[in-house]
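Participant: One structure, pasted below without further comment.
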Amino acid sequence: MGLDTEPFCYVTTSGRVTGREHTIEIWFALQDRTMYLLSGGGDRSDWVRNVRRTPQVQVRVGDVRLSGRARVVTDPDEDELARRLVYEKYHRTYGGDLTSWRRSALPVAIDLESP
């Protein structure tokens, strides 16, 4: 069973004001060594503001712990890839309609470092 079959991951960021660690549970999709997330709160989300200040993050998927460098996706092709991958992973099993979220959420990539 690969990491991409896990239902969610935990991302730990460094607080942009306090420097303290903050961990969120979030949906994700993997493409090679890049993890894609969609921030429903856009760039107003604390975790997005944190990674803009300090991009180095820790990720836990199941029992696997990884380090990576987060970035807001700006390339149009990668933007569409991120939206498609995350949407396709969850839209069949989620009870609601995710099309608006897919369109409006902010894509964030985490480039995972080799273990």
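Each chain in the structure tokens gets a letter, A, B and so on, in the order shown; residues start at 1 in every chain, and ligands are counted from 1 in the order they appear.
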I need the residues in chain A that are alpha helix (DSSP H) according to DSSP; give them as a list of chain:residue names.
Facilitator: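 Taking chain A and keeping alpha helix (DSSP H) gives A:Asp46, A:Trp47, A:Val48, A:Arg49, A:Asn50, A:Val51, A:Arg52, A:Arg53, A:Pro76, A:Asp77, A:Glu78, A:Asp79, A:Glu80, A:Leu81, A:Ala82, A:Arg83, A:Arg84, A:Leu85, A:Val86, A:Tyr87, A:Glu88, A:Lys89, A:Tyr90, A:Thr99, A:Ser100, A:Trp101, A:Arg102, A:Arg103, A:Ser104.
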Participant: Given the selection you just returned, output its residues as a file containing N, CA, C and O atoms, formatted as a CSV table (one decimal), in the first residue's frame.
Facilitator:
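Listed below is the output, again.csv:
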```csv
chain,number,residue,atom,x,y,z
A,46,ASP,N,-3.8,30.2,7.9
A,46,ASP,CA,-2.5,30.3,8.7
A,46,ASP,C,-1.4,29.4,8.2
A,46,ASP,O,-0.3,29.9,8.1
A,47,TRP,N,-1.7,28.2,7.8
A,47,TRP,CA,-0.7,27.3,7.4
A,47,TRP,C,0.0,27.8,6.1
A,47,TRP,O,1.2,27.6,5.9
A,48,VAL,N,-0.8,28.4,5.2
A,48,VAL,CA,-0.2,29.0,3.9
A,48,VAL,C,0.6,30.2,4.3
A,48,VAL,O,1.7,30.3,3.7
A,49,ARG,N,0.2,31.0,5.2
A,49,ARG,CA,1.0,32.2,5.6
A,49,ARG,C,2.3,31.7,6.2
A,49,ARG,O,3.3,32.3,6.0
A,50,ASN,N,2.2,30.6,7.0
A,50,ASN,CA,3.4,30.1,7.6
A,50,ASN,C,4.4,29.6,6.6
A,50,ASN,O,5.6,29.9,6.7
A,51,VAL,N,4.0,28.8,5.6
A,51,VAL,CA,4.9,28.3,4.6
A,51,VAL,C,5.5,29.4,3.7
A,51,VAL,O,6.6,29.2,3.2
A,52,ARG,N,4.7,30.4,3.5
A,52,ARG,CA,5.3,31.6,2.7
A,52,ARG,C,6.5,32.2,3.5
A,52,ARG,O,7.4,32.6,2.9
A,53,ARG,N,6.4,32.2,4.8
A,53,ARG,CA,7.5,32.7,5.6
A,53,ARG,C,8.6,31.7,5.8
A,53,ARG,O,9.8,32.1,5.6
A,76,PRO,N,0.7,27.7,-14.4
A,76,PRO,CA,-0.7,27.3,-14.8
A,76,PRO,C,-0.8,25.8,-15.0
A,76,PRO,O,-1.9,25.2,-14.6
A,77,ASP,N,0.1,25.1,-15.6
A,77,ASP,CA,0.0,23.7,-15.9
A,77,ASP,C,0.1,22.9,-14.6
A,77,ASP,O,-0.7,21.9,-14.4
A,78,GLU,N,1.0,23.3,-13.7
A,78,GLU,CA,1.1,22.6,-12.4
A,78,GLU,C,-0.2,22.9,-11.5
A,78,GLU,O,-0.6,22.0,-10.8
A,79,ASP,N,-0.7,24.1,-11.6
A,79,ASP,CA,-1.9,24.5,-10.9
A,79,ASP,C,-3.1,23.5,-11.3
A,79,ASP,O,-3.7,23.0,-10.4
A,80,GLU,N,-3.2,23.3,-12.6
A,80,GLU,CA,-4.3,22.4,-13.0
A,80,GLU,C,-4.0,21.0,-12.6
A,80,GLU,O,-5.0,20.3,-12.2
A,81,LEU,N,-2.8,20.6,-12.7
A,81,LEU,CA,-2.4,19.2,-12.2
A,81,LEU,C,-2.8,19.0,-10.7
A,81,LEU,O,-3.4,18.0,-10.4
A,82,ALA,N,-2.4,20.0,-9.9
A,82,ALA,CA,-2.7,19.9,-8.5
A,82,ALA,C,-4.2,19.8,-8.2
A,82,ALA,O,-4.7,18.9,-7.5
A,83,ARG,N,-5.0,20.7,-8.8
A,83,ARG,CA,-6.4,20.7,-8.7
A,83,ARG,C,-7.0,19.3,-9.1
A,83,ARG,O,-7.9,18.8,-8.4
A,84,ARG,N,-6.6,18.8,-10.3
A,84,ARG,CA,-7.1,17.6,-10.8
A,84,ARG,C,-6.8,16.4,-9.9
A,84,ARG,O,-7.6,15.6,-9.6
A,85,LEU,N,-5.5,16.3,-9.5
A,85,LEU,CA,-5.1,15.2,-8.7
A,85,LEU,C,-5.8,15.1,-7.3
A,85,LEU,O,-6.3,14.0,-6.9
A,86,VAL,N,-5.9,16.2,-6.6
A,86,VAL,CA,-6.6,16.2,-5.3
A,86,VAL,C,-8.1,16.0,-5.5
A,86,VAL,O,-8.7,15.2,-4.8
A,87,TYR,N,-8.7,16.6,-6.5
A,87,TYR,CA,-10.1,16.5,-6.7
A,87,TYR,C,-10.4,15.0,-7.0
A,87,TYR,O,-11.4,14.4,-6.5
A,88,GLU,N,-9.7,14.4,-8.0
A,88,GLU,CA,-10.0,13.1,-8.4
A,88,GLU,C,-9.8,12.1,-7.2
A,88,GLU,O,-10.5,11.0,-7.2
A,89,LYS,N,-8.9,12.3,-6.3
A,89,LYS,CA,-8.7,11.4,-5.2
A,89,LYS,C,-9.9,11.4,-4.3
A,89,LYS,O,-10.2,10.4,-3.7
A,90,TYR,N,-10.6,12.5,-4.1
A,90,TYR,CA,-11.6,12.6,-3.1
A,90,TYR,C,-13.1,12.8,-3.5
A,90,TYR,O,-14.0,12.5,-2.8
A,99,THR,N,-16.7,20.6,-6.7
A,99,THR,CA,-16.3,21.3,-7.9
A,99,THR,C,-16.0,22.8,-7.6
A,99,THR,O,-15.0,23.3,-8.1
A,100,SER,N,-16.7,23.4,-6.7
A,100,SER,CA,-16.4,24.8,-6.4
A,100,SER,C,-15.1,24.9,-5.6
A,100,SER,O,-14.3,25.8,-5.9
A,101,TRP,N,-14.9,24.0,-4.7
A,101,TRP,CA,-13.6,24.0,-3.9
A,101,TRP,C,-12.5,23.7,-4.9
A,101,TRP,O,-11.4,24.4,-4.8
A,102,ARG,N,-12.6,22.8,-5.8
A,102,ARG,CA,-11.6,22.5,-6.8
A,102,ARG,C,-11.2,23.8,-7.5
A,102,ARG,O,-10.0,24.0,-7.8
A,103,ARG,N,-12.2,24.6,-7.9
A,103,ARG,CA,-11.9,25.8,-8.7
A,103,ARG,C,-11.3,26.9,-7.9
A,103,ARG,O,-10.5,27.7,-8.4
A,104,SER,N,-11.8,27.1,-6.6
A,104,SER,CA,-11.4,28.3,-5.9
A,104,SER,C,-10.2,28.1,-4.9
A,104,SER,O,-9.6,29.1,-4.5
```
Participant: What's the 9 Å shell around Glu6 of chain A, counting only C-alpha atoms, without same-chain residues fewer than 3 positions away, as a list in words?
Facilitator: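 That gives Met1, Gly2, Leu3, Cys9, Phe28, Val61 and Gly62 of chain A.
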Participant: I need the strand (DSSP E) residues of chain A per DSSP on the backbone, written as a PyMOL selection string.
Facilitator: chain A and resi 9-14+21-26+29-31+34-39+56-61+64-72+106-112
Participant: May I have the selected residues written with C-alpha atoms, as a PDB file, in the first residue's frame?
Facilitator:
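Resulting contents of selection_7.pdb:
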```pdb
ATOM      1  CA  CYS A   9      -1.664  13.715   5.898  1.00  0.00           C
ATOM      2  CA  TYR A  10      -0.391  15.922   8.692  1.00  0.00           C
ATOM      3  CA  VAL A  11       1.676  18.962   7.765  1.00  0.00           C
ATOM      4  CA  THR A  12       3.710  20.735  10.445  1.00  0.00           C
ATOM      5  CA  THR A  13       4.734  24.324   9.774  1.00  0.00           C
ATOM      6  CA  SER A  14       6.669  26.879  11.807  1.00  0.00           C
ATOM      7  CA  GLU A  21       5.181  24.245  15.371  1.00  0.00           C
ATOM      8  CA  HIS A  22       1.618  24.036  14.057  1.00  0.00           C
ATOM      9  CA  THR A  23       0.172  20.829  12.609  1.00  0.00           C
ATOM     10  CA  ILE A  24      -2.857  20.493  10.346  1.00  0.00           C
ATOM     11  CA  GLU A  25      -4.661  17.454   8.973  1.00  0.00           C
ATOM     12  CA  ILE A  26      -5.340  17.876   5.266  1.00  0.00           C
ATOM     13  CA  ALA A  29      -2.343  13.812  -3.598  1.00  0.00           C
ATOM     14  CA  LEU A  30       1.095  12.642  -4.681  1.00  0.00           C
ATOM     15  CA  GLN A  31       2.838  12.946  -8.017  1.00  0.00           C
ATOM     16  CA  THR A  34       5.650  16.235  -4.900  1.00  0.00           C
ATOM     17  CA  MET A  35       2.675  16.366  -2.570  1.00  0.00           C
ATOM     18  CA  TYR A  36      -0.223  18.595  -3.601  1.00  0.00           C
ATOM     19  CA  LEU A  37      -2.681  20.227  -1.196  1.00  0.00           C
ATOM     20  CA  LEU A  38      -5.580  22.620  -1.774  1.00  0.00           C
ATOM     21  CA  SER A  39      -6.137  25.414   0.731  1.00  0.00           C
ATOM     22  CA  GLN A  56      10.557  23.988   5.320  1.00  0.00           C
ATOM     23  CA  VAL A  57       7.838  21.623   6.623  1.00  0.00           C
ATOM     24  CA  GLN A  58       7.449  18.187   8.165  1.00  0.00           C
ATOM     25  CA  VAL A  59       4.856  15.771   6.773  1.00  0.00           C
ATOM     26  CA  ARG A  60       3.412  12.607   8.252  1.00  0.00           C
ATOM     27  CA  VAL A  61       1.459  10.162   6.101  1.00  0.00           C
ATOM     28  CA  VAL A  64       5.910   7.701   7.466  1.00  0.00           C
ATOM     29  CA  ARG A  65       7.576  11.008   8.351  1.00  0.00           C
ATOM     30  CA  LEU A  66       9.096  13.167   5.638  1.00  0.00           C
ATOM     31  CA  SER A  67      10.615  16.610   5.268  1.00  0.00           C
ATOM     32  CA  GLY A  68       9.904  18.935   2.418  1.00  0.00           C
ATOM     33  CA  ARG A  69       9.831  22.446   1.070  1.00  0.00           C
ATOM     34  CA  ALA A  70       6.388  23.974   0.527  1.00  0.00           C
ATOM     35  CA  ARG A  71       5.485  26.523  -2.115  1.00  0.00           C
ATOM     36  CA  VAL A  72       2.361  28.089  -3.518  1.00  0.00           C
ATOM     37  CA  LEU A 106      -5.221  27.647  -3.544  1.00  0.00           C
ATOM     38  CA  PRO A 107      -2.862  24.867  -4.713  1.00  0.00           C
ATOM     39  CA  VAL A 108       0.226  24.325  -2.573  1.00  0.00           C
ATOM     40  CA  ALA A 109       3.036  21.907  -3.431  1.00  0.00           C
ATOM     41  CA  ILE A 110       5.453  20.252  -1.042  1.00  0.00           C
ATOM     42  CA  ASP A 111       8.600  19.031  -2.751  1.00  0.00           C
ATOM     43  CA  LEU A 112       9.572  16.067  -0.610  1.00  0.00           C
TER      44      LEU A 112
END
```
Participant: Which one is closest to Asp43 of chain A: A:Val73, A:Trp27, A:Pro7, A:Arg92? Count only C-alpha atoms.
Facilitator: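 Distance minimum relative to Asp43 of chain A lands on A:Val73.
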Participant: If you measure from atom CA of Gly41 of chain A to atom CA of Gly95 of chain A, what distance in Å do you get, rounded to one decimal?
Facilitator: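 We find that atom CA of Gly41 of chain A and atom CA of Gly95 of chain A lie 19.8 Å from each other.
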Participant: Rounded to one decimal in Å, what is the spacing between atom CA of Gly96 of chain A and atom CA of Arg33 of chain A?
Facilitator: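 Interatomic distance, atom CA of Gly96 of chain A to atom CA of Arg33 of chain A: 29.4 Å.
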Participant: Which distance in Å separates atom CA of Gly19 of chain A and atom CA of Thr54 of chain A, to one decimal?
Facilitator: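 That distance, rounded to one decimal, is 9.3 Å.
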